[in-house]
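Participant: Below is start-v3.pdb; it holds PDB, C-alpha atoms.
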ATOM      1  CA  MET O   1     134.329 -85.937  68.157
ATOM      2  CA  ALA O   2     137.401 -87.512  69.667
ATOM      3  CA  GLY O   3     139.655 -86.228  66.891
ATOM      4  CA  GLU O   4     139.501 -84.058  63.745
ATOM      5  CA  SER O   5     140.724 -86.789  61.389
ATOM      6  CA  MET O   6     138.387 -89.413  62.874
ATOM      7  CA  THR O   7     135.985 -91.041  60.439
ATOM      8  CA  ALA O   8     132.388 -91.926  61.285
ATOM      9  CA  ALA O   9     133.362 -95.577  61.782
ATOM     10  CA  ASP O  10     136.252 -94.563  64.051
ATOM     11  CA  TYR O  11     133.940 -92.302  66.049
ATOM     12  CA  ILE O  12     131.436 -95.097  66.666
ATOM     13  CA  LYS O  13     134.167 -97.636  67.436
ATOM     14  CA  HIS O  14     135.753 -95.209  69.899
ATOM     15  CA  HIS O  15     132.485 -94.672  71.784
ATOM     16  CA  LEU O  16     131.728 -98.400  71.953
ATOM     17  CA  GLN O  17     134.999 -99.201  73.726
ATOM     18  CA  SER O  18     135.224 -99.192  77.523
ATOM     19  CA  LEU O  19     137.846 -97.824  79.857
ATOM     20  CA  THR O  20     139.412-101.029  81.134
ATOM     21  CA  SER O  21     142.159-102.161  83.456
ATOM     22  CA  LEU O  22     143.964-103.743  80.488
ATOM     23  CA  GLN O  23     146.414-101.310  78.926
ATOM     24  CA  ASP O  24     146.174-102.700  75.377
ATOM     25  CA  VAL O  25     142.401-102.349  75.333
ATOM     26  CA  THR O  26     142.510 -98.882  76.907
ATOM     27  CA  GLN O  27     144.836 -97.753  74.117
ATOM     28  CA  GLY O  28     142.286 -98.901  71.551
ATOM     29  CA  GLN O  29     143.999-102.048  70.316
ATOM     30  CA  GLY O  30     140.814-104.080  70.893
ATOM     31  CA  LEU O  31     140.026-107.396  72.504
ATOM     32  CA  LYS O  32     141.540-110.654  71.324
ATOM     33  CA  ASN O  33     138.695-112.814  72.672
ATOM     34  CA  ILE O  34     134.974-112.312  73.256
ATOM     35  CA  ALA O  35     135.295-113.579  76.841
ATOM     36  CA  ASP O  36     138.406-112.263  78.549
ATOM     37  CA  PHE O  37     138.483-112.312  82.361
ATOM     38  CA  SER O  38     141.951-110.756  82.616
ATOM     39  CA  PHE O  39     140.591-107.199  82.864
ATOM     40  CA  ILE O  40     137.710-105.157  84.270
ATOM     41  CA  ASN O  41     135.639-102.503  82.505
ATOM     42  CA  LEU O  42     136.335 -99.753  85.012
ATOM     43  CA  ASP O  43     133.777 -97.292  83.645
ATOM     44  CA  THR O  44     131.004 -99.877  83.801
ATOM     45  CA  VAL O  45     131.799-100.763  87.410
ATOM     46  CA  PHE O  46     132.111 -97.095  88.424
ATOM     47  CA  PHE O  47     128.818 -95.922  86.947
ATOM     48  CA  ALA O  48     126.940 -99.060  88.060
ATOM     49  CA  VAL O  49     128.123 -98.595  91.661
ATOM     50  CA  VAL O  50     127.446 -94.843  91.704
ATOM     51  CA  LEU O  51     123.947 -95.298  90.275
ATOM     52  CA  GLY O  52     123.293 -98.194  92.667
ATOM     53  CA  VAL O  53     124.188 -95.951  95.603
ATOM     54  CA  LEU O  54     122.049 -93.157  94.149
ATOM     55  CA  GLY O  55     119.078 -95.495  93.713
ATOM     56  CA  SER O  56     119.487 -96.814  97.274
ATOM     57  CA  PHE O  57     119.588 -93.237  98.566
ATOM     58  CA  PHE O  58     116.444 -92.439  96.575
ATOM     59  CA  LEU O  59     114.566 -95.348  98.140
ATOM     60  CA  TRP O  60     115.963 -94.602 101.622
ATOM     61  CA  ARG O  61     114.847 -90.970 101.393
ATOM     62  CA  GLY O  62     111.397 -92.146 100.342
ATOM     63  CA  ALA O  63     111.175 -94.347 103.442
ATOM     64  CA  GLN O  64     112.524 -91.605 105.712
ATOM     65  CA  LYS O  65     110.076 -88.983 104.439
ATOM     66  CA  ALA O  66     107.056 -91.289 104.728
ATOM     67  CA  THR O  67     104.331 -89.778 106.905
ATOM     68  CA  ALA O  68     100.814 -90.794 107.884
ATOM     69  CA  GLY O  69      99.374 -87.509 106.639
ATOM     70  CA  VAL O  70      98.974 -86.162 103.128
ATOM     71  CA  PRO O  71     102.086 -87.261 101.225
ATOM     72  CA  GLY O  72     104.241 -84.877  99.243
ATOM     73  CA  ARG O  73     105.019 -85.424  95.573
ATOM     74  CA  PHE O  74     108.216 -87.350  96.232
ATOM     75  CA  GLN O  75     106.613 -89.608  98.840
ATOM     76  CA  ALA O  76     103.589 -90.167  96.603
ATOM     77  CA  ALA O  77     105.819 -91.160  93.681
ATOM     78  CA  VAL O  78     107.769 -93.628  95.813
ATOM     79  CA  GLU O  79     104.568 -95.090  97.294
ATOM     80  CA  ILE O  80     103.010 -95.546  93.839
ATOM     81  CA  LEU O  81     106.155 -97.285  92.617
ATOM     82  CA  PHE O  82     106.327 -99.479  95.720
ATOM     83  CA  GLU O  83     102.656-100.488  95.526
ATOM     84  CA  PHE O  84     102.943-101.227  91.818
ATOM     85  CA  VAL O  85     105.945-103.536  92.329
ATOM     86  CA  ASP O  86     104.392-105.137  95.424
ATOM     87  CA  ASP O  87     101.106-105.874  93.630
ATOM     88  CA  MET O  88     102.951-107.454  90.724
ATOM     89  CA  CYS O  89     105.014-109.573  93.106
ATOM     90  CA  LYS O  90     101.834-110.753  94.890
ATOM     91  CA  SER O  91     100.226-111.751  91.596
ATOM     92  CA  ILE O  92     103.200-113.932  90.604
ATOM     93  CA  ILE O  93     104.682-115.198  93.882
ATOM     94  CA  HIS O  94     102.059-116.502  96.307
ATOM     95  CA  ASN O  95     104.445-117.333  99.153
ATOM     96  CA  GLU O  96     104.112-114.463 101.633
ATOM     97  CA  GLN O  97     107.422-115.241 103.323
ATOM     98  CA  SER O  98     109.294-115.194 100.010
ATOM     99  CA  ARG O  99     107.729-111.878  99.019
ATOM    100  CA  LYS O 100     109.383-110.158 101.979
ATOM    101  CA  PHE O 101     112.679-110.548 100.128
ATOM    102  CA  VAL O 102     111.640-110.810  96.487
ATOM    103  CA  ALA O 103     109.478-107.647  96.356
ATOM    104  CA  PRO O 104     112.279-105.340  97.637
ATOM    105  CA  LEU O 105     114.658-107.147  95.281
ATOM    106  CA  GLY O 106     112.376-106.395  92.342
ATOM    107  CA  LEU O 107     112.029-102.753  93.374
ATOM    108  CA  THR O 108     115.817-102.465  93.633
ATOM    109  CA  LEU O 109     116.289-104.042  90.209
ATOM    110  CA  PHE O 110     113.774-101.698  88.598
ATOM    111  CA  VAL O 111     115.227 -98.505  90.081
ATOM    112  CA  TRP O 112     118.858 -99.530  89.504
ATOM    113  CA  ILE O 113     118.340-100.646  85.898
ATOM    114  CA  PHE O 114     116.222 -97.571  85.127
ATOM    115  CA  LEU O 115     118.976 -95.266  86.370
ATOM    116  CA  MET O 116     121.652 -97.142  84.410
ATOM    117  CA  ASN O 117     119.493 -97.040  81.286
ATOM    118  CA  ALA O 118     118.795 -93.320  81.779
ATOM    119  CA  MET O 119     122.502 -92.524  81.326
ATOM    120  CA  ASP O 120     121.805 -93.057  77.621
ATOM    121  CA  LEU O 121     119.832 -89.785  77.613
ATOM    122  CA  LEU O 122     122.968 -87.732  78.283
ATOM    123  CA  PRO O 123     124.689 -86.234  75.214
ATOM    124  CA  VAL O 124     127.005 -88.949  73.931
ATOM    125  CA  ASP O 125     130.124 -86.740  74.052
ATOM    126  CA  LEU O 126     129.417 -84.931  77.325
ATOM    127  CA  LEU O 127     131.069 -87.167  79.922
ATOM    128  CA  PRO O 128     133.642 -88.735  77.545
ATOM    129  CA  LEU O 129     134.837 -85.248  76.552
ATOM    130  CA  GLY O 130     135.017 -84.219  80.202
ATOM    131  CA  TRP O 131     137.054 -87.350  80.943
ATOM    132  CA  GLN O 132     139.429 -86.571  78.073
ATOM    133  CA  MET O 133     139.943 -83.029  79.380
ATOM    134  CA  ALA O 134     140.491 -84.276  82.935
ATOM    135  CA  THR O 135     143.066 -86.882  81.917
ATOM    136  CA  GLY O 136     144.707 -84.848  79.180
ATOM    137  CA  GLU O 137     144.426 -87.897  76.915
ATOM    138  CA  HIS O 138     142.830 -87.000  73.574
ATOM    139  CA  HIS O 139     141.674 -90.569  72.926
ATOM    140  CA  ALA O 140     140.694 -91.539  76.494
ATOM    141  CA  LEU O 141     137.853 -94.061  76.540
ATOM    142  CA  LEU O 142     134.671 -93.811  78.610
ATOM    143  CA  ARG O 143     131.284 -95.535  78.285
ATOM    144  CA  VAL O 144     128.621 -94.208  80.609
ATOM    145  CA  VAL O 145     125.727 -96.677  80.066
ATOM    146  CA  PRO O 146     126.425 -99.775  82.203
ATOM    147  CA  THR O 147     123.531-101.742  80.696
ATOM    148  CA  ALA O 148     125.015-101.315  77.204
ATOM    149  CA  ASP O 149     127.838-103.544  78.477
ATOM    150  CA  LEU O 150     126.985-107.248  78.234
ATOM    151  CA  ASN O 151     129.021-107.910  81.396
ATOM    152  CA  THR O 152     126.554-105.885  83.469
ATOM    153  CA  THR O 153     123.338-107.381  82.146
ATOM    154  CA  LEU O 154     124.585-110.973  82.299
ATOM    155  CA  ALA O 155     125.950-110.421  85.815
ATOM    156  CA  ILE O 156     122.533-109.226  87.028
ATOM    157  CA  ALA O 157     120.818-112.089  85.200
ATOM    158  CA  ILE O 158     123.185-114.586  86.866
ATOM    159  CA  GLY O 159     122.282-112.999  90.207
ATOM    160  CA  VAL O 160     118.605-113.693  89.457
ATOM    161  CA  LEU O 161     119.543-117.276  88.534
ATOM    162  CA  LEU O 162     121.262-117.755  91.891
ATOM    163  CA  VAL O 163     118.144-116.475  93.670
ATOM    164  CA  CYS O 164     116.055-118.968  91.663
ATOM    165  CA  ILE O 165     118.345-121.828  92.679
ATOM    166  CA  TYR O 166     118.163-120.701  96.306
ATOM    167  CA  TYR O 167     114.355-120.782  96.334
ATOM    168  CA  ASN O 168     114.269-124.098  94.492
ATOM    169  CA  VAL O 169     116.343-125.620  97.290
ATOM    170  CA  LYS O 170     114.541-123.736 100.070
ATOM    171  CA  ILE O 171     111.001-124.559  98.936
ATOM    172  CA  LYS O 172     111.506-128.118  97.671
ATOM    173  CA  GLY O 173     114.624-129.208  99.534
ATOM    174  CA  PHE O 174     117.756-130.206  97.644
ATOM    175  CA  GLY O 175     116.502-133.768  97.181
ATOM    176  CA  GLY O 176     113.099-132.620  95.970
ATOM    177  CA  TRP O 177     114.673-130.181  93.520
ATOM    178  CA  MET O 178     117.000-132.858  92.143
ATOM    179  CA  HIS O 179     114.047-135.233  91.809
ATOM    180  CA  GLU O 180     112.222-132.575  89.815
ATOM    181  CA  MET O 181     115.307-131.921  87.655
ATOM    182  CA  PHE O 182     115.495-135.596  86.699
ATOM    183  CA  SER O 183     111.775-136.433  86.491
ATOM    184  CA  ALA O 184     110.181-133.386  84.819
ATOM    185  CA  PRO O 185     108.824-132.965  82.247
ATOM    186  CA  PHE O 186     108.958-136.432  80.624
ATOM    187  CA  GLY O 187     108.896-138.688  83.690
ATOM    188  CA  PRO O 188     111.562-140.719  85.547
ATOM    189  CA  LYS O 189     112.195-143.077  82.631
ATOM    190  CA  LEU O 190     113.862-140.262  80.684
ATOM    191  CA  ALA O 191     115.878-138.913  83.625
ATOM    192  CA  PRO O 192     119.059-137.973  81.685
ATOM    193  CA  ALA O 193     117.070-136.158  78.991
ATOM    194  CA  ASN O 194     115.022-134.353  81.659
ATOM    195  CA  PHE O 195     118.161-133.192  83.480
ATOM    196  CA  ILE O 196     119.828-131.915  80.309
ATOM    197  CA  LEU O 197     116.644-130.153  79.229
ATOM    198  CA  ASN O 198     116.254-128.441  82.612
ATOM    199  CA  ILE O 199     119.885-127.301  82.623
ATOM    200  CA  VAL O 200     119.456-125.886  79.128
ATOM    201  CA  GLU O 201     116.288-124.114  80.295
ATOM    202  CA  PHE O 202     118.088-122.476  83.218
ATOM    203  CA  LEU O 203     120.966-121.369  80.988
ATOM    204  CA  SER O 204     118.750-120.117  78.152
ATOM    205  CA  LYS O 205     116.528-118.114  80.501
ATOM    206  CA  THR O 206     119.573-116.494  82.093
ATOM    207  CA  VAL O 207     121.259-115.663  78.789
ATOM    208  CA  SER O 208     118.075-114.305  77.194
ATOM    209  CA  HIS O 209     117.320-112.326  80.379
ATOM    210  CA  GLY O 210     120.641-110.499  80.145
ATOM    211  CA  MET O 211     120.867-110.306  76.351
ATOM    212  CA  ARG O 212     117.424-108.718  75.977
ATOM    213  CA  LEU O 213     118.353-105.742  78.135
ATOM    214  CA  PHE O 214     121.830-105.446  76.609
ATOM    215  CA  GLY O 215     120.568-105.617  73.033
ATOM    216  CA  ASN O 216     117.995-102.858  73.484
ATOM    217  CA  MET O 217     120.383-100.505  75.269
ATOM    218  CA  TYR O 218     123.222-101.208  72.843
ATOM    219  CA  ALA O 219     120.938-100.449  69.896
ATOM    220  CA  GLY O 220     119.740 -97.254  71.566
ATOM    221  CA  GLU O 221     123.328 -96.162  72.119
ATOM    222  CA  LEU O 222     124.120 -96.755  68.437
ATOM    223  CA  VAL O 223     121.161 -94.628  67.338
ATOM    224  CA  PHE O 224     122.306 -91.738  69.546
ATOM    225  CA  LEU O 225     125.808 -92.028  68.057
ATOM    226  CA  LEU O 226     124.408 -91.886  64.524
ATOM    227  CA  ILE O 227     122.347 -88.818  65.430
ATOM    228  CA  ALA O 228     125.460 -87.200  66.942
ATOM    229  CA  LEU O 229     127.289 -87.839  63.670
ATOM    230  CA  LEU O 230     124.654 -85.758  61.866
ATOM    231  CA  GLY O 231     125.486 -82.797  64.069
ATOM    232  CA  GLY O 232     129.204 -83.438  63.705
ATOM    233  CA  ALA O 233     128.952 -83.574  59.922
ATOM    234  CA  TRP O 234     127.096 -80.243  59.894
ATOM    235  CA  ALA O 235     129.581 -78.610  62.290
ATOM    236  CA  VAL O 236     132.729 -79.551  60.357
ATOM    237  CA  SER O 237     131.335 -79.158  56.828
ATOM    238  CA  GLY O 238     132.878 -75.678  56.533
ATOM    239  CA  SER O 239     130.381 -74.617  53.907
ATOM    240  CA  ILE O 240     126.965 -72.991  53.789
ATOM    241  CA  GLY O 241     125.190 -75.199  51.301
ATOM    242  CA  ILE O 242     121.492 -75.824  51.075
ATOM    243  CA  LEU O 243     121.885 -79.199  52.797
ATOM    244  CA  ASP O 244     123.654 -77.795  55.882
ATOM    245  CA  PRO O 245     120.591 -76.141  57.526
ATOM    246  CA  ILE O 246     118.505 -79.202  56.655
ATOM    247  CA  MET O 247     121.078 -81.515  58.251
ATOM    248  CA  PHE O 248     121.222 -79.333  61.374
ATOM    249  CA  VAL O 249     117.434 -79.222  61.769
ATOM    250  CA  PHE O 250     117.175 -82.964  61.158
ATOM    251  CA  HIS O 251     119.900 -83.553  63.768
ATOM    252  CA  ILE O 252     117.953 -81.549  66.391
ATOM    253  CA  LEU O 253     114.586 -83.117  65.574
ATOM    254  CA  ALA O 254     115.956 -86.662  65.399
ATOM    255  CA  GLY O 255     117.713 -86.218  68.728
ATOM    256  CA  MET O 256     114.568 -84.894  70.420
ATOM    257  CA  VAL O 257     112.256 -87.554  68.975
ATOM    258  CA  TRP O 258     114.589 -90.429  69.782
ATOM    259  CA  ALA O 259     115.257 -89.108  73.317
ATOM    260  CA  ILE O 260     111.514 -88.871  74.022
ATOM    261  CA  PHE O 261     110.914 -92.349  72.609
ATOM    262  CA  HIS O 262     113.929 -93.694  74.501
ATOM    263  CA  ILE O 263     112.402 -92.608  77.817
ATOM    264  CA  LEU O 264     109.739 -95.243  77.147
ATOM    265  CA  VAL O 265     112.413 -97.780  76.125
ATOM    266  CA  ILE O 266     114.552 -97.381  79.252
ATOM    267  CA  THR O 267     111.495 -97.605  81.519
ATOM    268  CA  LEU O 268     110.024-100.580  79.662
ATOM    269  CA  GLN O 269     113.314-102.506  79.698
ATOM    270  CA  ALA O 270     113.705-101.990  83.457
ATOM    271  CA  PHE O 271     110.123-103.180  83.951
ATOM    272  CA  ILE O 272     110.566-106.250  81.714
ATOM    273  CA  PHE O 273     113.748-107.289  83.504
ATOM    274  CA  MET O 274     112.044-106.971  86.893
ATOM    275  CA  ALA O 275     108.903-108.802  85.701
ATOM    276  CA  LEU O 276     110.927-111.693  84.282
ATOM    277  CA  ALA O 277     112.869-111.922  87.540
ATOM    278  CA  PHE O 278     109.538-112.325  89.379
ATOM    279  CA  VAL O 279     108.392-114.957  86.876
ATOM    280  CA  TYR O 280     111.585-117.005  87.131
ATOM    281  CA  ILE O 281     111.615-116.837  90.931
ATOM    282  CA  GLY O 282     107.899-117.721  90.968
ATOM    283  CA  GLN O 283     108.636-120.789  88.867
ATOM    284  CA  ALA O 284     111.070-121.905  91.551
ATOM    285  CA  HIS O 285     108.077-122.103  93.933
ATOM    286  CA  ASP O 286     106.055-124.328  91.602
ATOM    287  CA  ALA O 287     106.212-128.111  91.844
ATOM    288  CA  HIS O 288     106.166-130.251  88.704
TER     289      HIS O 288
END
Mind converting the file's structure to structure tokens?
Facilitator:
Amino acid sequence: MAGESMTAADYIKHHLQSLTSLQDVTQGQGLKNIADFSFINLDTVFFAVVLGVLGSFFLWRGAQKATAGVPGRFQAAVEILFEFVDDMCKSIIHNEQSRKFVAPLGLTLFVWIFLMNAMDLLPVDLLPLGWQMATGEHHALLRVVPTADLNTTLAIAIGVLLVCIYYNVKIKGFGGWMHEMFSAPFGPKLAPANFILNIVEFLSKTVSHGMRLFGNMYAGELVFLLIALLGGAWAVSGSIGILDPIMFVFHILAGMVWAIFHILVITLQAFIFMALAFVYIGQAHDAH
């Protein structure tokens, strides 16, 4: 734990705070507003960039090692992943020209989000404790799961929204898109209502796209923190009661079971985000 006198609530609160560029927040005084653009979550940006570079290197190595002969395990894994994403893209987006950009985009999203989600499988105190030792600050903050930060998931979702707007304009023309915004779904006579409804649809899809990923990863992080508290309670109990071995065994089993289950969660959430991105971009190709 971050400190001997820290309660369970303090422990969880400490781990759910980010290392930011704002001194008051870094010192644990908390945010004054839900949306505050005066600072940056430095740990989120750092780990997102590092994992993005790592994912790009992974895909680049797969392309470099590709051969016409019998593929190795690494090449086979990359090819299976590529074909899976490409087939899904073909089934949703029927414009061949668009798929040349959208399919690699979907593959990038899947790999990047999977790697960010996978940081949740590390012991919750491993990197934060290392950061505290490196800085010499006993209460130094560090969150290592970028997708458990709403800023990350909404930023990626907004990126998908911008791609959707781009293809709406490219496929239909700006005039055609505006005509659709004002005429669908209730017809030209209800143009203002149509426009408001379409704007709400764009915003709701973007918010739900980001919130779904954030909510699942945030919940997973909380469960790992609660499991870590079981081990912490056993370690600092200072007694050898009948409940201590039971608590220790339950801590180990709960950690293993949740980690195994969470492998499915992090993969499924990366897949869902990618699939929804394909669906939303595919809708931009459809005329109403």
Participant: Rounded to one decimal in Å, what is the spacing between CA of Phe224 (chain O) and CA of Asn151 (chain O)?
Facilitator: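 Between these atoms lies a distance of 21.1 Å.
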Participant: O:Phe195, O:Tyr11, O:Phe250, O:Phe278: which is nearest His94 (chain O), counting all atoms listed in the file?
Facilitator: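 Ranked by minimum distance to His94 (chain O), first place goes to O:Phe278.
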Participant: Mind giving me the straight-line distance from CA of Pro146 (chain O) to CA of Ile40 (chain O) in Å, one decimal?
Facilitator: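 Result for CA of Pro146 (chain O) versus CA of Ile40 (chain O): 12.7 Å, one decimal.
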Participant: Report the residues retrieved by the PyMOL selection byres ((chain O and resi 198) around 10) from the displayed file, expressed as a PyMOL selection string.
Facilitator: chain O and resi 180-185+192-197+199-204
Participant: With distances taken over all atoms listed in the file, which residue among O:Met274, O:Ala228, O:Ala8, O:Cys164 lies nearest Asp86 (chain O)?
Facilitator: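 Once distances to Asp86 (chain O) are computed over all atoms listed in the file, the minimum belongs to O:Met274.
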Participant: Please write as a list in words the full residue list that the PyMOL selection byres ((chain O and resi 123-132) around 9) yields on this file.
Facilitator: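 In the shown coordinates, the PyMOL selection byres ((chain O and resi 123-132) around 9) covers Met1, Ala2, His15, Asp120, Leu121, Leu122, Met133, Ala134, Thr135, Gly136, Glu137, His138, His139, Ala140, Leu141, Leu142, Arg143, Val144, Glu221, Phe224, Leu225 and Ala228 of chain O.
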